[in-house]
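Notes follow once the structure below has been shown.
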Amino acid sequence: MKKELIFMGPPASGKGTQTKKLAAETGLVHVDTGSLLREAMAQGTEAGKIAKDYVERGALVPVEVVAQIIKDRLKQDDVQKGFILDGFPRSIEQAEMLDDMLKEIDDGKEVQTKVIYFEIPIENLMERIIYRRSCPKCGAIYNLKTMPIKQEGICDACGSELVQRKDDTEEIAKKRFDTYFEQTAPLIDFYNNRGLLVRLDATGSIDEIYNKLKEVIK
Ligand code: AMP
């Protein structure tokens, strides 16, 4: 049966870190909307050019641009056994578009869908954002304050130079939280009403959260 997991939660609630671990263990493919947009921006594609202005302001990229990127990705062969969708949908409109996409892509397939809501008080998340660094090559995520790194500024996993995302500043992060509460949080009721929502206590260490995650997706 095809497994479709949708991870939602505020910025820096740990979705990306947990997805990477789960994808490595299960073979489910990590479809990370933010990374797909940043890639398109780096490559200077049409979609990337449009997205840049929105991403740098902490706003949602226009729905048709994101939906096309996600649809193209979800149609590829490697995701046909299952995926973890990280960062999409981020509004009710996007959720309805996702329904339509999946109806078309999954036509006749047996599918199990779960929406995992990363529940965490937002007080500590700003700090996570400001101290977050990531590896542009292998995607590993670090926190300068809480995770010791062997060599300053260098990825432990692959030796590349770590970078800070341009939108990981306090000013832009505040906007991203506003965007989350205005547009994304209504999805909690939307998916709860459909019986798809599973709440995950996203506080604690990475391993503790991962163990809880594995329980809720069984
Ligand atoms: P993330 O890496 O998930 O924190 O996303 C970074 C930025 O990419 C967001 O602040 C938005 O500007 C944009 N973005 C990511 N996912 C979406 C989406 N589903 N819809 C619109 N914009 C998005």
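Labeling convention for the structure tokens: chains A, B, ... as they appear, residues from 1 per chain, ligands from 1 in order of appearance.
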>> Counting only C-alpha atoms and all ligand atoms, what are the residues, protein, DNA or RNA alike, that approach ligand 1 to within 7 Å? I want them as an NGL selection string.
In response: :A and (11 or 33-35 or 37 or 54-56 or 58-63 or 66 or 86-90 or 176)
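Within the 7 Å cut-off around stretch 127-137 of chain A, using only C-alpha atoms and omitting residues fewer than 3 positions from it on the same chain, the listed residues are A:Ala12, A:Asn124, A:Ala140, A:Ile141, A:Tyr142, A:Asn143, A:Leu144, A:Lys145, A:Cys155, A:Ser160, A:Glu161, A:Leu162, A:Val163, A:Gln164, A:Asp168, A:Thr169, A:Glu170.
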Could the residues in this selection be written to a file with N, CA, C and O atoms, as a tab-separated table (two decimals), in the first residue's frame?
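Everything below was put into selection11.tsv:
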chain	number	residue	atom	x	y	z
A	12	ALA	N	10.42	25.62	11.89
A	12	ALA	CA	11.43	25.11	12.83
A	12	ALA	C	10.85	24.20	13.91
A	12	ALA	O	11.42	24.04	14.98
A	124	ASN	N	10.18	28.76	21.86
A	124	ASN	CA	11.60	28.44	21.66
A	124	ASN	C	12.00	28.35	20.19
A	124	ASN	O	13.16	28.13	19.87
A	140	ALA	N	21.94	18.17	5.64
A	140	ALA	CA	21.96	18.01	7.10
A	140	ALA	C	21.66	19.36	7.77
A	140	ALA	O	22.03	20.41	7.26
A	141	ILE	N	20.95	19.27	8.91
A	141	ILE	CA	20.57	20.50	9.61
A	141	ILE	C	21.25	20.53	10.98
A	141	ILE	O	21.28	19.51	11.68
A	142	TYR	N	21.79	21.68	11.35
A	142	TYR	CA	22.48	21.82	12.64
A	142	TYR	C	21.92	23.00	13.41
A	142	TYR	O	21.29	23.89	12.84
A	143	ASN	N	22.18	23.00	14.71
A	143	ASN	CA	21.88	24.17	15.52
A	143	ASN	C	23.16	24.54	16.26
A	143	ASN	O	23.70	23.74	17.03
A	144	LEU	N	23.64	25.76	16.00
A	144	LEU	CA	24.94	26.18	16.55
A	144	LEU	C	24.95	26.16	18.07
A	144	LEU	O	25.98	25.99	18.69
A	145	LYS	N	23.77	26.36	18.68
A	145	LYS	CA	23.73	26.47	20.13
A	145	LYS	C	23.61	25.11	20.81
A	145	LYS	O	24.20	24.86	21.85
A	155	CYS	N	30.11	20.86	7.65
A	155	CYS	CA	29.15	19.77	7.85
A	155	CYS	C	29.87	18.50	8.33
A	155	CYS	O	30.79	18.02	7.66
A	160	SER	N	31.10	19.78	3.71
A	160	SER	CA	30.84	21.03	2.98
A	160	SER	C	30.68	22.18	3.96
A	160	SER	O	30.44	21.99	5.15
A	161	GLU	N	30.78	23.39	3.40
A	161	GLU	CA	30.61	24.57	4.25
A	161	GLU	C	29.13	24.80	4.56
A	161	GLU	O	28.30	24.78	3.64
A	162	LEU	N	28.83	25.01	5.83
A	162	LEU	CA	27.43	25.20	6.22
A	162	LEU	C	26.96	26.61	5.85
A	162	LEU	O	27.76	27.54	5.82
A	163	VAL	N	25.66	26.73	5.60
A	163	VAL	CA	25.11	28.05	5.27
A	163	VAL	C	23.92	28.36	6.18
A	163	VAL	O	23.30	27.46	6.74
A	164	GLN	N	23.64	29.66	6.27
A	164	GLN	CA	22.42	30.08	6.98
A	164	GLN	C	21.41	30.50	5.92
A	164	GLN	O	21.74	31.25	4.99
A	168	ASP	N	16.20	32.94	7.53
A	168	ASP	CA	16.34	32.56	8.94
A	168	ASP	C	16.85	33.73	9.80
A	168	ASP	O	17.72	33.56	10.65
A	169	THR	N	16.31	34.91	9.58
A	169	THR	CA	16.64	36.05	10.44
A	169	THR	C	15.41	36.31	11.30
A	169	THR	O	14.30	35.89	10.94
A	170	GLU	N	15.60	37.05	12.41
A	170	GLU	CA	14.48	37.27	13.32
A	170	GLU	C	13.32	37.99	12.62
A	170	GLU	O	12.16	37.63	12.77
> Hey, what's within 12 Å of stretch 200-202 of chain A if we count only C-alpha atoms and toss same-chain stuff fewer than 6 positions away? As a PyMOL selection string, please?
Replying inline: chain A and resi 7-10+12-15+17-18+114-122+124-125+208-217
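Residues of stretch 73-163 of chain A carrying a DSSP assignment of alpha helix (DSSP H), computed from the backbone, are Arg73, Leu74, Ile92, Glu93, Gln94, Ala95, Glu96, Met97, Leu98, Asp99, Asp100, Met101, Leu102, Lys103, Glu104, Ile105, Leu125, Met126, Glu127, Arg128, Ile129 and Ile130 of chain A.
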Could those selected residues go to a file with C-alpha atoms, as a PDB file, in the first residue's frame?
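And here is the file that came out, out-v6.pdb:
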ATOM      1  CA  ARG A  73       7.591  15.982  -8.143  1.00  0.00           C
ATOM      2  CA  LEU A  74       4.738  13.713  -7.014  1.00  0.00           C
ATOM      3  CA  ILE A  92      -6.722  25.342   2.712  1.00  0.00           C
ATOM      4  CA  GLU A  93      -6.528  26.240  -0.967  1.00  0.00           C
ATOM      5  CA  GLN A  94      -3.328  24.220  -1.343  1.00  0.00           C
ATOM      6  CA  ALA A  95      -4.881  21.287   0.537  1.00  0.00           C
ATOM      7  CA  GLU A  96      -7.774  21.228  -1.898  1.00  0.00           C
ATOM      8  CA  MET A  97      -5.337  21.345  -4.805  1.00  0.00           C
ATOM      9  CA  LEU A  98      -3.384  18.469  -3.272  1.00  0.00           C
ATOM     10  CA  ASP A  99      -6.585  16.416  -3.108  1.00  0.00           C
ATOM     11  CA  ASP A 100      -7.147  16.941  -6.817  1.00  0.00           C
ATOM     12  CA  MET A 101      -3.535  16.125  -7.680  1.00  0.00           C
ATOM     13  CA  LEU A 102      -3.513  12.926  -5.664  1.00  0.00           C
ATOM     14  CA  LYS A 103      -6.842  11.778  -7.099  1.00  0.00           C
ATOM     15  CA  GLU A 104      -5.240  11.946 -10.519  1.00  0.00           C
ATOM     16  CA  ILE A 105      -1.846  10.489  -9.556  1.00  0.00           C
ATOM     17  CA  LEU A 125      11.341  28.240  17.919  1.00  0.00           C
ATOM     18  CA  MET A 126      12.776  31.674  17.126  1.00  0.00           C
ATOM     19  CA  GLU A 127      16.043  30.626  18.742  1.00  0.00           C
ATOM     20  CA  ARG A 128      16.125  27.476  16.690  1.00  0.00           C
ATOM     21  CA  ILE A 129      15.718  29.515  13.532  1.00  0.00           C
ATOM     22  CA  ILE A 130      18.412  32.051  14.297  1.00  0.00           C
TER      23      ILE A 130
END
>> Please return, as a PyMOL selection string, all residues of chain A that DSSP assigns to strand (DSSP E) on the basis of the backbone.
In response: chain A and resi 2-8+29-32+82-86+111-119+132-134+141-143+197-201
>> With only C-alpha atoms as the counted atoms, please give the residues lying no more than 12 Å from stretch 75-78 of chain A, apart from itself and same-chain residues fewer than 2 positions off, as a ChimeraX atom specification.
In response: /A:2,27-31,68-73,80-83,101-107
>> Here is a test: counting only C-alpha atoms, which residue of A:Thr19, A:Thr179, A:Thr45, A:Thr113 is nearest to A:Arg57?
In response: A:Thr179
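Nearest residue to A:Leu187, choosing from A:Lys218, A:Gly139, A:Ser91, A:Asp156 and counting only C-alpha atoms: A:Ser91.
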